[in-house]
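Trainee: Below is one structure. I have some questions about it.
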Amino acid sequence: MKRVGVLALQGAVREHVRMLETLGCQTVLVKHKEQLEGLDGLILPGGESTTMRKLLDRYELLGPIRSLAQKGVPIFGTCAGLILLAKEVVDHDPHLAVMDVVVARNSYGRQVDSFEVNLNIQAIGEAIPAVFIRAPHIVSVGEGVEVLAEHDGKIVLARDGHLLGCSFHPELTTDLRIVKYFVTTMV
């Protein structure tokens, strides 16, 4: 059984846990660095990236998660989780700085501008529901980073080896395909 952690400081934690358990994973709610030990993968959920960064600092998790990424442990960041992973964030200091992408925060407007669309993702499937809430987008990717999906000309899903980042919230739907892709092809 794959043991996958979900950063449980803030954001859409239980939704990710529900998906992982449906896929047969053992889940670990990560609130302390000791809970990172022995994980096969880690999910950084959507939420508010500035708040998440403050909590990562308070609980001394930034360095240990960065170390996990540097060791090749698969990490999936959704929305704010993508911002945390990015090597560069437009008009903001980076956080973990491990995924070779440049990200712009709040690319799709304010909370009232939230929307849902279906995306066709060649590596995963067609008509995949994607919920965008104050979503970032990937401005550019480094060499070797695979762009998996775009929406309106903006990169919204990319893979950098063992790191997966998306602008939207797959956990806020009942469609398991993106989380399944992470668990079955990366973890």
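Identifiers for the structure tokens are assigned positionally: chains receive A, B, ... in sequence, residues are indexed from 1 per chain, and ligands are indexed from 1 in the order shown.
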Which residues come within 9 Å of Val102 in chain A, counting only C-alpha atoms, excluding same-chain residues fewer than 5 positions away, as an MDAnalysis selection string?

Mentor: chainID A and resid 83 86:90 137:142

Trainee: Considering only C-alpha atoms, tabulate each residue of range 159-178 of chain A that lies at most 9 Å from range 52-72 of chain A along with its nearest interatomic pair and the corresponding distance in Å to one decimal; arrange the rows by chain and ascending residue number and present them as CSV.

Mentor:
```
residue,atom,partner,partner_atom,distance
A:Gly161,CA,A:Gly72,CA,8.6
A:His162,CA,A:Gly72,CA,6.2
A:Leu163,CA,A:Ala69,CA,7.8
```

Trainee: Find the residues near Val145 in chain A: any atom within 7 Å, counting only C-alpha atoms, skip ones fewer than 4 places away on the same chain, and give them as a VMD selection string.

Mentor: chain A and resid 141 158 to 160

Trainee: Pick out the closest residue to Asp175 in chain A from this set: A:Gly24, A:Gly125, A:Pro45, A:Gly38. Count only C-alpha atoms.

Mentor: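 Looking at the shortest contact to Asp175 in chain A, the residue is A:Gly125.
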
Trainee: Please provide as an mmCIF file with C-alpha atoms, in the first residue's frame all residues within 12 Å of Leu119 in chain A, with the sequence filter that same-chain residues fewer than 3 positions apart are discarded (counting only C-alpha atoms).

Mentor:
```
data_model
loop_
_atom_site.group_PDB
_atom_site.id
_atom_site.type_symbol
_atom_site.label_atom_id
_atom_site.label_comp_id
_atom_site.auth_asym_id
_atom_site.auth_seq_id
_atom_site.Cartn_x
_atom_site.Cartn_y
_atom_site.Cartn_z
ATOM 1 C CA GLU A 116 -14.991 25.197 -13.779
ATOM 2 C CA GLN A 122 -3.409 13.668 -23.361
ATOM 3 C CA ALA A 123 -1.504 11.769 -20.656
ATOM 4 C CA ILE A 124 -4.585 11.432 -18.442
ATOM 5 C CA GLY A 125 -7.919 11.642 -20.292
ATOM 6 C CA GLU A 126 -10.630 13.783 -21.807
ATOM 7 C CA ALA A 127 -13.262 16.042 -20.235
ATOM 8 C CA ILE A 128 -11.477 16.251 -16.891
ATOM 9 C CA PRO A 129 -13.223 18.791 -14.641
ATOM 10 C CA ALA A 130 -10.922 21.566 -13.426
ATOM 11 C CA VAL A 131 -12.039 24.009 -10.731
ATOM 12 C CA PHE A 132 -10.202 27.353 -10.813
ATOM 13 C CA LEU A 148 0.408 18.481 -19.628
ATOM 14 C CA ALA A 149 -2.471 20.969 -19.974
ATOM 15 C CA GLU A 150 -3.285 24.528 -20.994
ATOM 16 C CA HIS A 151 -6.409 26.639 -20.663
ATOM 17 C CA ASP A 152 -6.904 29.787 -22.776
ATOM 18 C CA ILE A 155 -0.137 26.453 -18.770
ATOM 19 C CA VAL A 156 -2.220 24.935 -15.951
ATOM 20 C CA LEU A 157 -0.648 21.494 -15.427
ATOM 21 C CA PHE A 168 -6.710 24.146 -10.406
ATOM 22 C CA PRO A 170 -8.925 18.335 -8.939
ATOM 23 C CA ASP A 175 -13.062 12.792 -10.874
ATOM 24 C CA ARG A 177 -8.000 10.737 -12.792
ATOM 25 C CA ILE A 178 -5.422 13.427 -11.989
#
```

Trainee: Would you mind writing down, as a compact mmCIF listing (two decimals) with C-alpha atoms, in the first residue's frame, each residue of range 106-146 of chain A that DSSP on the backbone assigns to strand (DSSP E)?

Mentor:
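Contents of selection24.txt, freshly written:
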```txt
# COMPACT_ATOMS: atom_id res chain seq x y z
CA PHE A 115 -15.04 28.82 -12.68
CA GLU A 116 -14.99 25.20 -13.78
CA VAL A 117 -14.04 23.87 -17.21
CA ASN A 118 -13.34 20.47 -18.72
CA LEU A 119 -9.78 19.87 -19.87
CA ASN A 120 -8.45 17.29 -22.30
CA ILE A 121 -5.12 16.04 -20.96
CA GLY A 125 -7.92 11.64 -20.29
CA GLU A 126 -10.63 13.78 -21.81
CA ALA A 127 -13.26 16.04 -20.23
CA ILE A 128 -11.48 16.25 -16.89
CA PRO A 129 -13.22 18.79 -14.64
CA ALA A 130 -10.92 21.57 -13.43
CA VAL A 131 -12.04 24.01 -10.73
CA PHE A 132 -10.20 27.35 -10.81
CA HIS A 137 -0.86 29.79 -13.90
CA ILE A 138 2.53 28.65 -15.09
CA VAL A 139 4.16 31.45 -17.08
CA SER A 140 7.09 29.37 -18.32
CA VAL A 141 8.76 26.02 -17.79
CA GLU A 146 6.50 18.52 -19.54
```
